[in-house]
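The file structure04.cif comes next; it holds mmCIF, C-alpha atoms.
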data_my_file
#
loop_
_atom_site.group_PDB
_atom_site.id
_atom_site.type_symbol
_atom_site.label_atom_id
_atom_site.label_comp_id
_atom_site.auth_asym_id
_atom_site.auth_seq_id
_atom_site.Cartn_x
_atom_site.Cartn_y
_atom_site.Cartn_z
ATOM 1 C CA PRO A 1 99.603 287.736 14.421
ATOM 2 C CA VAL A 2 97.963 288.613 17.756
ATOM 3 C CA GLU A 3 94.986 290.868 18.425
ATOM 4 C CA ARG A 4 93.784 292.165 21.788
ATOM 5 C CA ARG A 5 90.534 293.718 22.953
ATOM 6 C CA ASP A 6 89.792 294.891 26.514
ATOM 7 C CA ALA A 7 86.299 295.351 27.936
ATOM 8 C CA ASP A 8 84.859 295.287 31.463
ATOM 9 C CA GLY A 9 88.084 294.092 33.060
ATOM 10 C CA ILE A 10 88.496 291.209 30.593
ATOM 11 C CA ALA A 11 91.297 291.082 28.006
ATOM 12 C CA THR A 12 90.524 288.960 24.959
ATOM 13 C CA VAL A 13 93.689 287.882 23.141
ATOM 14 C CA THR A 14 93.240 286.311 19.707
ATOM 15 C CA LEU A 15 95.695 284.228 17.718
ATOM 16 C CA ALA A 16 95.031 285.814 14.328
ATOM 17 C CA ALA A 17 97.095 283.834 11.825
ATOM 18 C CA PRO A 18 94.596 281.257 10.520
ATOM 19 C CA GLU A 19 96.536 280.888 7.271
ATOM 20 C CA THR A 20 99.330 279.171 9.250
ATOM 21 C CA LEU A 21 96.919 277.374 11.594
ATOM 22 C CA ASN A 22 98.115 279.862 14.231
ATOM 23 C CA ALA A 23 101.528 278.216 14.319
ATOM 24 C CA LEU A 24 103.792 279.353 17.138
ATOM 25 C CA SER A 25 106.390 280.972 14.912
ATOM 26 C CA SER A 26 109.050 283.230 16.393
ATOM 27 C CA ALA A 27 106.872 286.208 15.456
ATOM 28 C CA MET A 28 103.823 284.683 17.160
ATOM 29 C CA LEU A 29 105.801 283.794 20.283
ATOM 30 C CA GLN A 30 107.177 287.334 20.527
ATOM 31 C CA ALA A 31 103.782 288.927 19.952
ATOM 32 C CA LEU A 32 102.198 286.772 22.649
ATOM 33 C CA ALA A 33 105.044 287.464 25.080
ATOM 34 C CA ASP A 34 104.700 291.222 24.537
ATOM 35 C CA THR A 35 100.920 291.082 24.876
ATOM 36 C CA PHE A 36 100.986 289.102 28.106
ATOM 37 C CA ALA A 37 103.689 291.364 29.560
ATOM 38 C CA ASP A 38 101.455 294.378 28.940
ATOM 39 C CA ILE A 39 98.454 292.612 30.484
ATOM 40 C CA ALA A 40 100.445 291.592 33.568
ATOM 41 C CA ASP A 41 101.160 295.250 34.307
ATOM 42 C CA ASP A 42 97.534 296.367 33.876
ATOM 43 C CA ASN A 43 95.750 296.274 37.222
ATOM 44 C CA SER A 44 92.431 297.113 35.587
ATOM 45 C CA LEU A 45 92.326 293.683 33.950
ATOM 46 C CA ARG A 46 90.893 290.827 35.985
ATOM 47 C CA VAL A 47 90.689 287.903 33.542
ATOM 48 C CA VAL A 48 92.196 286.935 30.179
ATOM 49 C CA ILE A 49 90.542 284.914 27.414
ATOM 50 C CA LEU A 50 92.913 283.361 24.872
ATOM 51 C CA ARG A 51 91.110 282.402 21.652
ATOM 52 C CA ALA A 52 91.973 281.830 18.004
ATOM 53 C CA GLU A 53 90.691 282.469 14.506
ATOM 54 C CA GLY A 54 90.241 279.748 11.901
ATOM 55 C CA LYS A 55 89.882 275.989 12.137
ATOM 56 C CA ALA A 56 92.839 275.452 14.480
ATOM 57 C CA PHE A 57 93.546 276.875 17.905
ATOM 58 C CA SER A 58 97.229 276.295 17.154
ATOM 59 C CA ALA A 59 99.100 273.625 15.202
ATOM 60 C CA GLY A 60 102.212 274.098 17.347
ATOM 61 C CA HIS A 61 105.626 275.184 16.165
ATOM 62 C CA ASP A 62 106.106 276.457 12.622
ATOM 63 C CA LEU A 63 107.641 273.353 11.019
ATOM 64 C CA LYS A 64 109.110 275.363 8.129
ATOM 65 C CA GLU A 65 110.948 277.507 10.670
ATOM 66 C CA VAL A 66 112.150 274.424 12.524
ATOM 67 C CA GLN A 67 113.398 272.845 9.310
ATOM 68 C CA ALA A 68 115.199 276.060 8.320
ATOM 69 C CA CYS A 69 117.206 275.960 11.541
ATOM 70 C CA ARG A 70 118.943 272.814 10.310
ATOM 71 C CA SER A 71 120.812 274.725 7.634
ATOM 72 C CA ALA A 72 123.034 276.369 10.250
ATOM 73 C CA ALA A 73 126.644 275.277 10.652
ATOM 74 C CA ASP A 74 125.882 273.409 13.868
ATOM 75 C CA GLY A 75 122.911 271.615 12.315
ATOM 76 C CA GLY A 76 120.492 273.932 14.069
ATOM 77 C CA ARG A 77 121.342 273.096 17.677
ATOM 78 C CA ALA A 78 121.738 276.714 18.851
ATOM 79 C CA GLU A 79 118.743 278.074 16.947
ATOM 80 C CA LEU A 80 116.486 275.233 18.039
ATOM 81 C CA ALA A 81 117.580 275.628 21.648
ATOM 82 C CA ALA A 82 116.767 279.340 21.487
ATOM 83 C CA LEU A 83 113.370 278.635 19.892
ATOM 84 C CA PHE A 84 112.331 276.049 22.474
ATOM 85 C CA ASP A 85 113.641 278.217 25.319
ATOM 86 C CA ARG A 86 111.568 281.137 24.008
ATOM 87 C CA CYS A 87 108.503 278.913 23.794
ATOM 88 C CA SER A 88 109.046 277.551 27.308
ATOM 89 C CA ALA A 89 109.435 281.102 28.645
ATOM 90 C CA LEU A 90 106.092 282.056 27.096
ATOM 91 C CA MET A 91 104.320 279.086 28.674
ATOM 92 C CA GLN A 92 105.737 280.007 32.074
ATOM 93 C CA ALA A 93 104.667 283.629 31.559
ATOM 94 C CA VAL A 94 101.087 282.480 30.966
ATOM 95 C CA THR A 95 101.160 280.449 34.169
ATOM 96 C CA ALA A 96 102.722 283.347 36.105
ATOM 97 C CA LEU A 97 100.281 285.959 34.781
ATOM 98 C CA PRO A 98 98.509 287.586 37.757
ATOM 99 C CA GLN A 99 95.122 287.221 36.072
ATOM 100 C CA PRO A 100 93.463 283.844 35.473
ATOM 101 C CA VAL A 101 93.708 282.825 31.820
ATOM 102 C CA ILE A 102 90.901 280.970 30.034
ATOM 103 C CA ALA A 103 91.711 279.177 26.772
ATOM 104 C CA ALA A 104 88.752 279.085 24.392
ATOM 105 C CA VAL A 105 89.655 276.214 22.071
ATOM 106 C CA GLN A 106 87.541 276.039 18.917
ATOM 107 C CA GLY A 107 89.507 273.522 16.849
ATOM 108 C CA VAL A 108 92.693 271.512 16.829
ATOM 109 C CA ALA A 109 95.279 272.208 19.537
ATOM 110 C CA THR A 110 98.307 270.087 18.817
ATOM 111 C CA ALA A 111 101.910 269.826 20.049
ATOM 112 C CA ALA A 112 102.998 273.274 21.314
ATOM 113 C CA GLY A 113 99.460 274.493 20.589
ATOM 114 C CA CYS A 114 98.139 271.945 23.070
ATOM 115 C CA GLN A 115 100.923 273.050 25.414
ATOM 116 C CA LEU A 116 99.684 276.642 25.160
ATOM 117 C CA ALA A 117 96.097 275.671 25.955
ATOM 118 C CA CYS A 118 97.202 273.507 28.888
ATOM 119 C CA SER A 119 99.380 276.327 30.232
ATOM 120 C CA CYS A 120 96.230 278.383 30.745
ATOM 121 C CA ASP A 121 94.403 278.092 34.048
ATOM 122 C CA LEU A 122 91.099 276.987 32.539
ATOM 123 C CA ILE A 123 89.952 275.561 29.202
ATOM 124 C CA VAL A 124 86.547 275.988 27.590
ATOM 125 C CA ALA A 125 86.395 273.857 24.449
ATOM 126 C CA SER A 126 84.080 273.438 21.527
ATOM 127 C CA GLU A 127 82.539 269.979 21.440
ATOM 128 C CA THR A 128 84.330 269.491 18.116
ATOM 129 C CA ALA A 129 87.784 270.545 19.370
ATOM 130 C CA ARG A 130 90.641 268.056 19.506
ATOM 131 C CA PHE A 131 93.814 267.946 21.566
ATOM 132 C CA GLY A 132 97.049 266.139 20.801
ATOM 133 C CA VAL A 133 100.770 265.979 21.426
ATOM 134 C CA ASN A 134 101.454 264.412 18.066
ATOM 135 C CA GLY A 135 105.131 265.099 17.484
ATOM 136 C CA ILE A 136 105.895 261.392 17.759
ATOM 137 C CA ASN A 137 104.196 260.950 14.371
ATOM 138 C CA LEU A 138 107.129 262.919 12.923
ATOM 139 C CA GLY A 139 109.721 261.214 15.103
ATOM 140 C CA LEU A 140 109.801 264.066 17.634
ATOM 141 C CA PHE A 141 108.634 263.267 21.168
ATOM 142 C CA CYS A 142 106.698 266.273 22.545
ATOM 143 C CA SER A 143 108.935 266.688 25.584
ATOM 144 C CA THR A 144 108.184 270.353 26.354
ATOM 145 C CA PRO A 145 104.413 270.082 25.707
ATOM 146 C CA MET A 146 104.520 267.098 28.059
ATOM 147 C CA VAL A 147 105.268 269.444 30.974
ATOM 148 C CA ALA A 148 101.975 271.299 30.617
ATOM 149 C CA VAL A 149 99.881 268.236 29.740
ATOM 150 C CA THR A 150 101.087 266.160 32.702
ATOM 151 C CA ARG A 151 100.045 268.973 35.027
ATOM 152 C CA ARG A 152 96.439 268.682 33.829
ATOM 153 C CA ILE A 153 95.731 264.968 33.424
ATOM 154 C CA ALA A 154 96.904 261.679 34.900
ATOM 155 C CA PRO A 155 100.438 260.674 33.880
ATOM 156 C CA SER A 156 99.288 257.414 32.299
ATOM 157 C CA ALA A 157 96.748 259.215 30.081
ATOM 158 C CA ALA A 158 99.345 261.802 29.100
ATOM 159 C CA PHE A 159 101.929 259.134 28.280
ATOM 160 C CA GLU A 160 99.454 257.334 26.033
ATOM 161 C CA LEU A 161 98.884 260.528 24.035
ATOM 162 C CA LEU A 162 102.606 261.231 23.825
ATOM 163 C CA THR A 163 103.531 257.754 22.609
ATOM 164 C CA THR A 164 100.621 257.046 20.232
ATOM 165 C CA GLY A 165 100.262 260.503 18.679
ATOM 166 C CA GLU A 166 96.497 260.088 18.802
ATOM 167 C CA PHE A 167 94.059 262.962 19.205
ATOM 168 C CA LEU A 168 91.872 263.439 22.248
ATOM 169 C CA SER A 169 88.299 264.481 21.491
ATOM 170 C CA ALA A 170 86.874 267.370 23.492
ATOM 171 C CA PRO A 171 84.366 265.150 25.369
ATOM 172 C CA ARG A 172 87.146 262.721 26.311
ATOM 173 C CA ALA A 173 89.418 265.632 27.291
ATOM 174 C CA HIS A 174 86.600 266.899 29.504
ATOM 175 C CA ALA A 175 86.180 263.487 31.132
ATOM 176 C CA LEU A 176 89.922 263.353 31.861
ATOM 177 C CA GLY A 177 89.906 266.835 33.420
ATOM 178 C CA LEU A 178 91.944 268.546 30.726
ATOM 179 C CA VAL A 179 88.925 270.649 29.711
ATOM 180 C CA ASN A 180 86.805 272.500 32.274
ATOM 181 C CA ARG A 181 83.703 273.199 30.199
ATOM 182 C CA LEU A 182 82.313 272.063 26.853
ATOM 183 C CA ALA A 183 80.365 274.355 24.543
ATOM 184 C CA ASP A 184 78.414 274.164 21.336
ATOM 185 C CA PRO A 185 80.742 275.394 18.555
ATOM 186 C CA MET A 186 78.507 278.399 17.903
ATOM 187 C CA SER A 187 78.483 279.485 21.548
ATOM 188 C CA LEU A 188 82.124 278.902 22.513
ATOM 189 C CA ASP A 189 83.007 282.588 22.862
ATOM 190 C CA ALA A 190 79.837 283.227 24.848
ATOM 191 C CA GLU A 191 80.577 280.348 27.240
ATOM 192 C CA ALA A 192 84.149 281.557 27.750
ATOM 193 C CA LEU A 193 82.843 285.045 28.456
ATOM 194 C CA ILE A 194 80.329 283.723 31.019
ATOM 195 C CA LEU A 195 83.166 282.025 32.899
ATOM 196 C CA ALA A 196 85.388 285.098 32.605
ATOM 197 C CA ARG A 197 82.654 287.385 33.960
ATOM 198 C CA ALA A 198 82.023 285.047 36.909
ATOM 199 C CA ILE A 199 85.695 285.319 37.886
ATOM 200 C CA ALA A 200 85.924 289.050 37.124
ATOM 201 C CA ALA A 201 83.063 289.656 39.557
ATOM 202 C CA LYS A 202 85.169 288.414 42.481
ATOM 203 C CA ASP A 203 87.651 290.465 44.508
ATOM 204 C CA PRO A 204 90.658 290.846 42.155
ATOM 205 C CA ALA A 205 93.232 291.015 44.946
ATOM 206 C CA ALA A 206 92.012 287.707 46.376
ATOM 207 C CA ILE A 207 91.952 286.088 42.919
ATOM 208 C CA ARG A 208 95.519 287.192 42.146
ATOM 209 C CA LEU A 209 96.759 286.071 45.547
ATOM 210 C CA GLY A 210 94.890 282.790 45.162
ATOM 211 C CA LYS A 211 96.321 282.056 41.728
ATOM 212 C CA ARG A 212 99.875 282.536 43.011
ATOM 213 C CA ALA A 213 99.187 280.272 45.977
ATOM 214 C CA PHE A 214 97.519 277.634 43.798
ATOM 215 C CA GLN A 215 100.580 277.415 41.558
ATOM 216 C CA ALA A 216 103.057 277.536 44.437
ATOM 217 C CA GLN A 217 101.524 274.761 46.531
ATOM 218 C CA MET A 218 101.242 272.190 43.742
ATOM 219 C CA GLY A 219 103.935 269.587 44.084
ATOM 220 C CA LEU A 220 104.963 270.609 47.578
ATOM 221 C CA PRO A 221 104.990 268.034 50.370
ATOM 222 C CA LEU A 222 101.792 268.208 52.441
ATOM 223 C CA ALA A 223 103.280 270.003 55.431
ATOM 224 C CA GLN A 224 105.025 272.597 53.260
ATOM 225 C CA ALA A 225 101.858 273.176 51.258
ATOM 226 C CA TYR A 226 99.877 273.888 54.421
ATOM 227 C CA ALA A 227 102.632 276.109 55.832
ATOM 228 C CA LEU A 228 102.642 278.193 52.650
ATOM 229 C CA THR A 229 98.872 278.438 52.256
ATOM 230 C CA SER A 230 98.332 279.255 55.945
ATOM 231 C CA GLN A 231 100.440 282.370 55.470
ATOM 232 C CA VAL A 232 98.510 283.186 52.306
ATOM 233 C CA MET A 233 95.247 282.919 54.258
ATOM 234 C CA VAL A 234 96.576 285.354 56.851
ATOM 235 C CA GLY A 235 97.508 287.865 54.178
ATOM 236 C CA ASN A 236 94.165 287.409 52.435
ATOM 237 C CA ALA A 237 92.222 287.859 55.671
ATOM 238 C CA LEU A 238 93.993 291.177 56.274
ATOM 239 C CA LEU A 239 93.129 292.652 52.873
ATOM 240 C CA PRO A 240 90.917 295.735 53.231
ATOM 241 C CA ASP A 241 88.118 294.333 51.021
ATOM 242 C CA THR A 242 87.912 290.945 52.773
ATOM 243 C CA ASP A 243 84.701 290.695 54.795
#

Starting from the file, give its structure as structure tokens.
Amino acid sequence: PVERRDADGIATVTLAAPETLNALSSAMLQALADTFADIADDNSLRVVILRAEGKAFSAGHDLKEVQACRSAADGGRAELAALFDRCSALMQAVTALPQPVIAAVQGVATAAGCQLACSCDLIVASETARFGVNGINLGLFCSTPMVAVTRRIAPSAAFELLTTGEFLSAPRAHALGLVNRLADPMSLDAEALILARAIAAKDPAAIRLGKRAFQAQMGLPLAQAYALTSQVMVGNALLPDTD
């Protein structure tokens, strides 16, 4: 369900299951985890683009798979816990990837699909894309997607989405800071590639170091954030390719 193409230091990873709206089934989660693990170990890669085929970026968890879990003796508690843990591990792996990750969102990104997009470092979206954490419409509050969404937009805006189940248009998502760049639907891949090439042109050691520092300092008290990033600056300044 996942395809990968590498060129010029950029890995393009494609969710290739349009017939399921690129649902995050167990097979999809495993394929993505394996793909990102391989990319993390490849020092020749500087940037990752995560894109999708079809009309949806990802519709979230495979609801048929979720429903099937309920037939277990415990009502599905163990299987559901394992599924959500596996999904959460994937989202953290995306965040921890040494290379910056750009989500190129062409259509609907909902529930765990929105979580996946928001777990990426940057989002380039088609002007016709939509974002939502719509589980509440089925009686399921999107608690794990909430983690990624609340790290991209204001808590009040995130809570409104979580409690109403409404979709966020790409222009509104851009205004709220969830989306970095908007693109004409026909030029989405080109716009994502322009951004990827701009990052790939920079010193990769500094970018990798900077991404780790960016993630580490968020949420720290001010003094701790400066203490951490001061040490990062020292290490960066001593890199052989730093002017």

Would you compute the distance between atom CA of Ser143 of chain A and atom CA of His61 of chain A? Give it in Å to one decimal. 13.1 Å

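Atom CA of Cys69 of chain A to atom CA of Ser25 of chain A spans 12.4 Å [interatomic distance, one decimal].
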
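Nearest-residue note for Gly113 of chain A: choosing from A:Pro185, A:Gly75, A:Gly60, A:Gly54, the minimum distance belongs to A:Gly60, counting all atoms listed in the file.
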
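The list of residues with at least one atom within 9 Å of Gln115 of chain A, based on only C-alpha atoms and without residues fewer than 5 positions apart in the same chain, reads Gly60, Met91, Ala109, Thr110, Cys120, Val133, Thr144, Pro145, Met146, Val147, Ala148 and Val149 of chain A.
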
Only C-alpha atoms, please: the residues just picked out, written as a short mmCIF file (atom, residue, chain, number, x, y, z; two decimals), in the frame of the given file.
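Final file, again.cif:
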data_model
loop_
_atom_site.label_atom_id
_atom_site.label_comp_id
_atom_site.auth_asym_id
_atom_site.auth_seq_id
_atom_site.Cartn_x
_atom_site.Cartn_y
_atom_site.Cartn_z
CA GLY A 60 102.21 274.10 17.35
CA MET A 91 104.32 279.09 28.67
CA ALA A 109 95.28 272.21 19.54
CA THR A 110 98.31 270.09 18.82
CA CYS A 120 96.23 278.38 30.74
CA VAL A 133 100.77 265.98 21.43
CA THR A 144 108.18 270.35 26.35
CA PRO A 145 104.41 270.08 25.71
CA MET A 146 104.52 267.10 28.06
CA VAL A 147 105.27 269.44 30.97
CA ALA A 148 101.98 271.30 30.62
CA VAL A 149 99.88 268.24 29.74
#

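Distances from A:Val105, A:Ala205, A:Leu228, A:Cys118 to Glu191 of chain A were compared using all atoms listed in the file, and the smallest one belongs to A:Val105.
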
Residue members of the PyMOL selection byres ((chain A and resi 6-16) around 7) in the file shown, as a ChimeraX atom specification: /A:1-5,17-18,22,44-53,200

Target residues per the PyMOL selection byres ((chain A and resi 182) around 7), formatted as JSON, numbers by chain: {"A": [124, 125, 126, 127, 181, 183]}

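The two atoms in question, atom CA of Leu29 of chain A and atom CA of Thr95 of chain A, are spaced 15.0 Å apart.
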
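Between Ala82 of chain A and the candidates A:Gln106, A:Ile194, A:Ala223, A:Ser26, the tightest atom-to-atom separation, counting all atoms listed in the file, involves A:Ser26.
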
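Proximity ranking of A:Ala213, A:Glu65, A:Pro155, A:Ala59 relative to Ser230 of chain A places A:Ala213 first, based on only C-alpha atoms.
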
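Counting only C-alpha atoms, the residue from A:Lys64, A:Lys55, A:Arg130, A:Arg152 that sits nearest to Gly177 of chain A is A:Arg152.
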
Could I see segment 28-39 of chain A restored to all heavy atoms, set down as an mmCIF file, in the coordinates of the input?
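The resulting file, rebuild_12.cif, is reproduced below:
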data_model
loop_
_atom_site.group_PDB
_atom_site.id
_atom_site.type_symbol
_atom_site.label_atom_id
_atom_site.label_comp_id
_atom_site.auth_asym_id
_atom_site.auth_seq_id
_atom_site.Cartn_x
_atom_site.Cartn_y
_atom_site.Cartn_z
ATOM 1 N N MET A 28 104.989 284.916 16.304
ATOM 2 C CA MET A 28 103.823 284.683 17.160
ATOM 3 C C MET A 28 104.236 284.608 18.626
ATOM 4 O O MET A 28 103.578 285.194 19.508
ATOM 5 C CB MET A 28 103.119 283.401 16.738
ATOM 6 C CG MET A 28 101.910 283.044 17.593
ATOM 7 S SD MET A 28 100.486 284.144 17.341
ATOM 8 C CE MET A 28 99.724 283.347 15.911
ATOM 9 N N LEU A 29 105.318 283.900 18.903
ATOM 10 C CA LEU A 29 105.801 283.794 20.283
ATOM 11 C C LEU A 29 106.138 285.168 20.852
ATOM 12 O O LEU A 29 105.790 285.482 22.004
ATOM 13 C CB LEU A 29 107.027 282.887 20.350
ATOM 14 C CG LEU A 29 106.792 281.390 20.098
ATOM 15 C CD1 LEU A 29 108.129 280.660 19.999
ATOM 16 C CD2 LEU A 29 105.928 280.784 21.205
ATOM 17 N N GLN A 30 106.812 286.003 20.057
ATOM 18 C CA GLN A 30 107.177 287.334 20.527
ATOM 19 C C GLN A 30 105.946 288.200 20.741
ATOM 20 O O GLN A 30 105.857 288.939 21.736
ATOM 21 C CB GLN A 30 108.116 288.001 19.533
ATOM 22 C CG GLN A 30 108.714 289.314 20.035
ATOM 23 C CD GLN A 30 109.540 289.121 21.290
ATOM 24 O OE1 GLN A 30 110.492 288.334 21.291
ATOM 25 N NE2 GLN A 30 109.190 289.819 22.370
ATOM 26 N N ALA A 31 105.004 288.128 19.812
ATOM 27 C CA ALA A 31 103.782 288.927 19.952
ATOM 28 C C ALA A 31 102.988 288.524 21.185
ATOM 29 O O ALA A 31 102.465 289.387 21.916
ATOM 30 C CB ALA A 31 102.925 288.775 18.697
ATOM 31 N N LEU A 32 102.903 287.234 21.449
ATOM 32 C CA LEU A 32 102.198 286.772 22.649
ATOM 33 C C LEU A 32 102.933 287.195 23.914
ATOM 34 O O LEU A 32 102.313 287.637 24.885
ATOM 35 C CB LEU A 32 102.050 285.247 22.611
ATOM 36 C CG LEU A 32 100.975 284.699 21.685
ATOM 37 C CD1 LEU A 32 101.102 283.176 21.560
ATOM 38 C CD2 LEU A 32 99.580 285.066 22.193
ATOM 39 N N ALA A 33 104.260 287.067 23.912
ATOM 40 C CA ALA A 33 105.044 287.464 25.080
ATOM 41 C C ALA A 33 104.850 288.946 25.380
ATOM 42 O O ALA A 33 104.661 289.341 26.548
ATOM 43 C CB ALA A 33 106.519 287.150 24.857
ATOM 44 N N ASP A 34 104.888 289.777 24.344
ATOM 45 C CA ASP A 34 104.700 291.222 24.537
ATOM 46 C C ASP A 34 103.288 291.530 25.042
ATOM 47 O O ASP A 34 103.108 292.377 25.931
ATOM 48 C CB ASP A 34 104.946 291.966 23.220
ATOM 49 C CG ASP A 34 106.405 291.924 22.783
ATOM 50 O OD1 ASP A 34 107.272 291.617 23.624
ATOM 51 O OD2 ASP A 34 106.664 292.203 21.593
ATOM 52 N N THR A 35 102.311 290.844 24.480
ATOM 53 C CA THR A 35 100.920 291.082 24.876
ATOM 54 C C THR A 35 100.695 290.700 26.325
ATOM 55 O O THR A 35 100.086 291.460 27.098
ATOM 56 C CB THR A 35 99.971 290.274 23.965
ATOM 57 O OG1 THR A 35 100.142 290.702 22.610
ATOM 58 C CG2 THR A 35 98.526 290.478 24.374
ATOM 59 N N PHE A 36 101.183 289.536 26.724
ATOM 60 C CA PHE A 36 100.986 289.102 28.106
ATOM 61 C C PHE A 36 101.773 289.969 29.089
ATOM 62 O O PHE A 36 101.316 290.193 30.222
ATOM 63 C CB PHE A 36 101.358 287.630 28.256
ATOM 64 C CG PHE A 36 100.337 286.687 27.671
ATOM 65 C CD1 PHE A 36 100.715 285.683 26.796
ATOM 66 C CD2 PHE A 36 98.995 286.811 27.978
ATOM 67 C CE1 PHE A 36 99.776 284.821 26.244
ATOM 68 C CE2 PHE A 36 98.044 285.960 27.436
ATOM 69 C CZ PHE A 36 98.436 284.959 26.567
ATOM 70 N N ALA A 37 102.926 290.465 28.685
ATOM 71 C CA ALA A 37 103.689 291.364 29.560
ATOM 72 C C ALA A 37 102.910 292.649 29.819
ATOM 73 O O ALA A 37 102.881 293.159 30.953
ATOM 74 C CB ALA A 37 105.045 291.673 28.933
ATOM 75 N N ASP A 38 102.278 293.174 28.776
ATOM 76 C CA ASP A 38 101.455 294.378 28.940
ATOM 77 C C ASP A 38 100.256 294.109 29.848
ATOM 78 O O ASP A 38 99.906 294.924 30.705
ATOM 79 C CB ASP A 38 100.963 294.876 27.578
ATOM 80 C CG ASP A 38 102.078 295.483 26.737
ATOM 81 O OD1 ASP A 38 103.126 295.832 27.312
ATOM 82 O OD2 ASP A 38 101.894 295.593 25.510
ATOM 83 N N ILE A 39 99.625 292.965 29.666
ATOM 84 C CA ILE A 39 98.454 292.612 30.484
ATOM 85 C C ILE A 39 98.855 292.442 31.947
ATOM 86 O O ILE A 39 98.128 292.865 32.854
ATOM 87 C CB ILE A 39 97.801 291.329 29.936
ATOM 88 C CG1 ILE A 39 97.125 291.622 28.591
ATOM 89 C CG2 ILE A 39 96.796 290.761 30.932
ATOM 90 C CD1 ILE A 39 96.609 290.386 27.872
#
